Amino acid sequence: MKPERYKSNAERRHGRWNGSLLLFAFLLTSFVPCLAAAPRGESVPTSMHKKLSQDVQQHQRNASQQKGWVDVIVQFRQTPRAEHYARMASRGAMVKTKLHGIRAAAFHIPVSALEKLENDPDVLYVTVDRPVRRSDFSFEPYNSAVMADVAAQQYGFNGSGIGVAVIDSGVSDHPDLHNGSASRVVYSQSFVAGDSSTADAYGHGTHVAGIIAGNGSASGSTASGYPQKYTGTAPNANIINLRVLDASGTGTDSQVIAAIQQAIQLKSAYNIRVINLSLGRPIFESYTLDPLCQAVEQAWQAGIVVVVAAGNYGRDNSWRTLGFGTIAAPGNDPYVITVGATRTMGSGNRVDDGIASYSSKGPSLLDHIVKPDIVAPGNRIISLLAKGSTLDNQNPTLEITPTACPGCPTRYFRLSGTSMSTPVVSGAVALMLQKDPTLTPDTVKARMLKTAWKGFGVFCSSFDVFNNEFDNEYDIFTYGSGYLDVDSAMSSTDVANGLALSPKAVYNAANNTVTLVNTGPGLGGASVIWGTSVIWGTSVVWGTGVLQANSVIWGTSVIWGTSTTQGFSVIWGTSVTSGASTTNSAFSDGQDGEN
């Protein structure tokens with residue numbers, strides 16, 4: 001049975017807004033406290049409140065707190081299910097973290113509702129979510145979530161010899177991008193007008209480079225102050241630093257295109273096999289006309305895999321599209337691998353993961369290309385700090401301080417957004433190409449999308465730092481082909497004997513359905529990647545059959561709305577609203593991720 005919140009109107013199903021519309025939701029975050037576990041078992045304190053800890057009772061006794069809120073950990077007599085969460089929601093509680101390993105969950109709950117927990121037969125024990133002194137840092141373990149650690153153990157590849165062009169705000173020097181004294185940033189060039197510096201004045205490109213290729217040399221020891229080791233997906237790949245964004249994180253199409261062209265020119269000299277574009281801007285015309293899209297296609301045809309952020313507009317309802325139709329350019333191009341962002345809930349187990357509500361959704365405007373292609377962790381990702389950069393100066397609380405070694409230099413920083421999920425995929429591509437350098441961009445994309453994990457639940461909810469709730473349903477325009485699985489992608493032997501273009505969604509007004517149509521000649525050979533099987537079949541990425549309105553995508557949403565509604569007209573229309581910024585920018589401003 002669906003939770004009650006999914007039975008309300010479409011806007012509520014998408015999210016609850018308690019303020020002005022937030023177009024971007026990408027970065028930042030304070031530490032998530034380690035959760036103190038209450039005693040396991042049936043024994044409870046001998047007090048009149050047998051289910052409430054003493055500090056919970058103190059909140060109850062404090063009259064001034066009766067209209068306030070408290071963070072608690074509720075242990076249940078069994079692993080909490082949907083009905084337990086629905087019951088908690090009816091009491092005003094908001095989920096912070098699911099702790100199913102101890103049959104519990106952390107909630108932000110009104111003090112006035114605590115008495116209901118005492119009388120709930122399914123509740124075993126309730127404690128305050130207490131702060132503790134930490135020797136470690138809470139972060140999103142993205143390598144485990146995408147099975148990169150399994151792939152590393154099985155294959156032993158680390159990206160050695162593969163060049164990844166990071167077209168971003170620059171890459172500052174960092175120990176994690178070295179092999180001994182030698183930097184793995186093997187080439188740097190600025191395309192920012194009037195500024196020849198290739199250092200990262202904004203603080204975005206260094207973070208991105210670390211997710212791709214950081215080796216964790218400044219962490220993982222007591223002496224460093226960081227007991228946890230922070231490594232990228234391909235920790236020995238080389239970085240080609242092509243700076244196109246200034247200290248405010250903005251640039252222009254021409255700067256980005258110039259950098260793409262330079263990457264093509266440098267391909268042989270530095271074995272550039274991957275371009276990472278954690279940036280973008282609104283769509284103004286068809287990808288067939290967009291110069292930025294033409295540039296990424298040029299790189300693709302030159303044998304370079306181009307990985308692009310989907311954008312962070314998934315909460316944007318300004319056009320009444322519930323976040324659909326918000327893919328940014330050049331992520332709308334059918335050649336490239338376009339990446340959406342998930343949140344890992346602080347665990348390495350992907351089963352409890354869900355989409356980040358800010359992750360942009362397809363189909364793309366005008367051309368209706370099915371995007372994103374794939375999703376990967378992008379919420380609260382710890383990577384390299386560019387000390388003194390704009391992002392650092394504006395968000396000092398996001399620095400990951402070396403608490404195990406007071407006085408040691410601060411080396412790491414936490415950001416959120418599709419900017420962070422994109423380099424996770426770029427690193428995975430580097431591993432695939434190290435294993436088999438003969439792979440074409442189309443085969444890389446086809447293998448990655450075909451092997452993507454598709455085991456998501458039907459619904460997921462998340463909360464921003466202001467406790468606004470955002471609800472999403474598992475559909476092809478939100479998750480694409482599924483969740484990146486590095487181990488499975490590296491195990492695949494499928495060969496694409498043609499183009500692996502993302503398909504086009506075609507709306508049929510006569511029967512109110514949407515079908516997928518190939519945008520290219522398709523793939524030959526023994527394995528048909530874009531087959532005619534069901535949408536989430538075991539042998540295909542996407543099928544060409546009809547998407548039923550009551551299955552894959554919301555039947556009552558703008559996807560199957562009426563032509564008289566604004567959202568429907570925007571998504572399936574032939575023109576776009578003008579007036580948005582024409583500059584490219586890093587997808588990295590806004591809030592501190594989400595819960």
# chains A, B, ... in the order shown; residues from 1 in each chain; ligands from 1
$ select_by_dssp --residues "stretch 137-258 of chain A" --states "helix (DSSP H, G or I)" --output "PyMOL selection string"
chain A and resi 142-145+148-155+175-177+205-213+253-258
$ closest_residue --among "A:Pro423, A:Gly323, A:Pro110, A:Pro409" --to "A:Ala356" --atoms "only C-alpha atoms"
A:Gly323
$ closest_residue --among "A:Pro372, A:His100, A:Gln78, A:Val72" --to "A:Leu114" --atoms "only C-alpha atoms"
A:Val72
$ closest_residue --among "A:Ala404, A:Leu277, A:Leu266, A:Ile257" --to "A:Ala586" --atoms "only C-alpha atoms"
A:Leu277
$ closest_atom_pairs --of "stretch 442-466 of chain A" --to "stretch 502-510 of chain A" --cutoff "12 Å" --atoms "only C-alpha atoms" --output "Markdown table"
| residue | atom | partner | partner_atom | distance |
| --- | --- | --- | --- | --- |
| A:Asp442 | CA | A:Ser502 | CA | 10.6 |
| A:Lys445 | CA | A:Ser502 | CA | 9.6 |
| A:Ala446 | CA | A:Ser502 | CA | 9.7 |
| A:Leu449 | CA | A:Ser502 | CA | 10.0 |
$ write_last_selection --atoms "C-alpha atoms" --output "CSV table (one decimal), in the first residue's frame"
chain,number,residue,atom,x,y,z
A,442,ASP,CA,29.7,3.8,-27.7
A,445,LYS,CA,28.2,3.8,-22.8
A,446,ALA,CA,26.3,0.7,-23.8
A,449,LEU,CA,23.9,1.6,-19.1
$ residues_around --residues "A:Arg414" --least-positions-apart "4" --cutoff "6 Å" --atoms "only C-alpha atoms" --output "list of chain:residue names"
A:Leu28, A:Arg380, A:Ile381, A:Ile382, A:Leu398
$ residues_around --residues "A:Asp333" --least-positions-apart "5" --cutoff "12 Å" --atoms "only C-alpha atoms" --output "PyMOL selection string"
chain A and resi 280+283+285-298+300+306-310+327-328+338+362-373+500-504+519
$ closest_residue --among "A:Ile275, A:Ile240, A:Ala430, A:Leu484" --to "A:Gly455" --atoms "only C-alpha atoms"
A:Leu484
$ atom_distance --atom1 "atom CA of A:Phe191" --atom2 "atom CA of A:Ser360"
27.4 Å
$ select_by_dssp --residues "stretch 143-307 of chain A" --states "strand (DSSP E or B)" --output "MDAnalysis selection string"
chainID A and resid 163:168 178:179 182:183 185:190 221 226 238:243 250:251 272:277 279:281 305:307
$ atom_distance --atom1 "atom CA of A:Gly388" --atom2 "atom CA of A:Gly203"
8.2 Å
$ residues_around --residues "A:Asn179" --least-positions-apart "5" --cutoff "10 Å" --atoms "only C-alpha atoms" --output "list in words"
Arg184, Asn215, Ser217 and Asn236 of chain A
$ atom_distance --atom1 "atom CA of A:Arg273" --atom2 "atom CA of A:Met448"
15.5 Å
$ residues_around --residues "A:Arg447" --least-positions-apart "5" --cutoff "7 Å" --atoms "only C-alpha atoms" --output "ChimeraX atom specification"
/A:489,492,494
$ closest_residue --among "A:Leu415, A:Met490, A:Leu391, A:Cys460" --to "A:Ser357" --atoms "only C-alpha atoms"
A:Cys460
$ decode --residues "stretch 177-223 of chain A" --atoms "N, CA and C atoms" --output "short mmCIF file (atom, residue, chain, number, x, y, z; two decimals), in the first residue's frame"
data_model
loop_
_atom_site.label_atom_id
_atom_site.label_comp_id
_atom_site.auth_asym_id
_atom_site.auth_seq_id
_atom_site.Cartn_x
_atom_site.Cartn_y
_atom_site.Cartn_z
N LEU A 177 46.68 14.32 -5.54
CA LEU A 177 46.83 14.27 -6.99
C LEU A 177 48.30 14.11 -7.39
N HIS A 178 49.09 13.56 -6.47
CA HIS A 178 50.51 13.32 -6.71
C HIS A 178 50.80 11.83 -6.71
N ASN A 179 51.85 11.46 -7.39
CA ASN A 179 52.53 10.18 -7.20
C ASN A 179 53.91 10.53 -6.66
N GLY A 180 54.05 10.42 -5.35
CA GLY A 180 55.28 10.91 -4.75
C GLY A 180 55.35 12.42 -4.90
N SER A 181 56.44 12.90 -5.47
CA SER A 181 56.58 14.34 -5.67
C SER A 181 56.04 14.80 -7.01
N ALA A 182 55.69 13.86 -7.86
CA ALA A 182 55.23 14.20 -9.21
C ALA A 182 53.71 14.37 -9.23
N SER A 183 53.26 15.48 -9.78
CA SER A 183 51.82 15.73 -9.89
C SER A 183 51.23 14.92 -11.03
N ARG A 184 50.03 14.38 -10.80
CA ARG A 184 49.30 13.69 -11.85
C ARG A 184 48.40 14.65 -12.63
N VAL A 185 48.46 15.94 -12.30
CA VAL A 185 47.86 16.96 -13.15
C VAL A 185 48.91 17.27 -14.21
N VAL A 186 48.82 16.58 -15.34
CA VAL A 186 49.93 16.55 -16.30
C VAL A 186 49.90 17.70 -17.29
N TYR A 187 48.79 18.42 -17.34
CA TYR A 187 48.68 19.56 -18.26
C TYR A 187 47.64 20.51 -17.70
N SER A 188 47.94 21.82 -17.79
CA SER A 188 46.99 22.84 -17.33
C SER A 188 46.96 23.99 -18.31
N GLN A 189 45.76 24.52 -18.53
CA GLN A 189 45.59 25.67 -19.42
C GLN A 189 44.33 26.41 -19.02
N SER A 190 44.38 27.74 -19.06
CA SER A 190 43.21 28.54 -18.74
C SER A 190 42.57 29.09 -20.01
N PHE A 191 41.24 29.02 -20.05
CA PHE A 191 40.46 29.61 -21.13
C PHE A 191 39.60 30.76 -20.62
N VAL A 192 39.86 31.17 -19.37
CA VAL A 192 39.12 32.28 -18.77
C VAL A 192 39.71 33.58 -19.30
N ALA A 193 38.86 34.41 -19.86
CA ALA A 193 39.32 35.66 -20.48
C ALA A 193 40.04 36.53 -19.46
N GLY A 194 41.25 36.92 -19.80
CA GLY A 194 42.00 37.83 -18.96
C GLY A 194 42.60 37.21 -17.73
N ASP A 195 42.58 35.92 -17.59
CA ASP A 195 43.12 35.26 -16.40
C ASP A 195 43.83 33.99 -16.82
N SER A 196 45.14 34.01 -16.79
CA SER A 196 45.93 32.86 -17.23
C SER A 196 46.18 31.84 -16.13
N SER A 197 45.76 32.14 -14.91
CA SER A 197 45.99 31.20 -13.82
C SER A 197 45.16 29.94 -14.03
N THR A 198 45.75 28.79 -13.75
CA THR A 198 45.02 27.53 -13.86
C THR A 198 44.64 26.96 -12.50
N ALA A 199 44.96 27.71 -11.43
CA ALA A 199 44.56 27.28 -10.09
C ALA A 199 43.05 27.44 -9.94
N ASP A 200 42.51 26.81 -8.95
CA ASP A 200 41.06 26.76 -8.76
C ASP A 200 40.60 27.86 -7.82
N ALA A 201 40.25 29.00 -8.37
CA ALA A 201 39.81 30.13 -7.54
C ALA A 201 38.40 29.93 -7.00
N TYR A 202 37.62 29.09 -7.66
CA TYR A 202 36.23 28.85 -7.23
C TYR A 202 36.13 27.69 -6.24
N GLY A 203 36.93 26.65 -6.43
CA GLY A 203 36.92 25.52 -5.49
C GLY A 203 36.13 24.32 -5.95
N HIS A 204 35.67 24.34 -7.18
CA HIS A 204 34.81 23.29 -7.72
C HIS A 204 35.61 22.23 -8.47
N GLY A 205 36.49 22.67 -9.36
CA GLY A 205 37.25 21.74 -10.20
C GLY A 205 38.17 20.83 -9.41
N THR A 206 38.78 21.35 -8.34
CA THR A 206 39.65 20.53 -7.49
C THR A 206 38.86 19.42 -6.83
N HIS A 207 37.68 19.75 -6.35
CA HIS A 207 36.80 18.75 -5.74
C HIS A 207 36.43 17.68 -6.75
N VAL A 208 36.08 18.09 -7.95
CA VAL A 208 35.72 17.16 -9.02
C VAL A 208 36.91 16.25 -9.36
N ALA A 209 38.10 16.84 -9.50
CA ALA A 209 39.29 16.06 -9.83
C ALA A 209 39.58 15.01 -8.76
N GLY A 210 39.35 15.35 -7.50
CA GLY A 210 39.58 14.39 -6.43
C GLY A 210 38.62 13.22 -6.46
N ILE A 211 37.36 13.46 -6.85
CA ILE A 211 36.39 12.36 -6.96
C ILE A 211 36.82 11.40 -8.06
N ILE A 212 37.41 11.94 -9.11
CA ILE A 212 37.89 11.10 -10.20
C ILE A 212 39.16 10.36 -9.80
N ALA A 213 40.16 11.11 -9.30
CA ALA A 213 41.52 10.56 -9.26
C ALA A 213 42.27 10.79 -7.96
N GLY A 214 41.63 11.26 -6.90
CA GLY A 214 42.33 11.43 -5.64
C GLY A 214 42.78 10.09 -5.09
N ASN A 215 44.04 10.02 -4.61
CA ASN A 215 44.55 8.74 -4.09
C ASN A 215 44.52 8.62 -2.58
N GLY A 216 44.01 9.67 -1.90
CA GLY A 216 43.86 9.58 -0.45
C GLY A 216 45.14 9.66 0.33
N SER A 217 46.23 10.14 -0.28
CA SER A 217 47.52 10.14 0.42
C SER A 217 47.55 11.08 1.62
N ALA A 218 46.66 12.10 1.65
CA ALA A 218 46.62 13.03 2.77
C ALA A 218 45.62 12.60 3.83
N SER A 219 45.14 11.38 3.75
CA SER A 219 44.15 10.88 4.71
C SER A 219 44.44 9.42 5.01
N GLY A 220 43.63 8.86 5.88
CA GLY A 220 43.75 7.43 6.18
C GLY A 220 44.76 7.10 7.25
N SER A 221 45.17 8.08 8.07
CA SER A 221 46.12 7.82 9.14
C SER A 221 45.89 8.79 10.27
N THR A 222 46.31 8.40 11.48
CA THR A 222 46.21 9.29 12.63
C THR A 222 47.09 10.50 12.45
N ALA A 223 48.25 10.31 11.84
CA ALA A 223 49.19 11.40 11.65
C ALA A 223 48.61 12.50 10.77
#
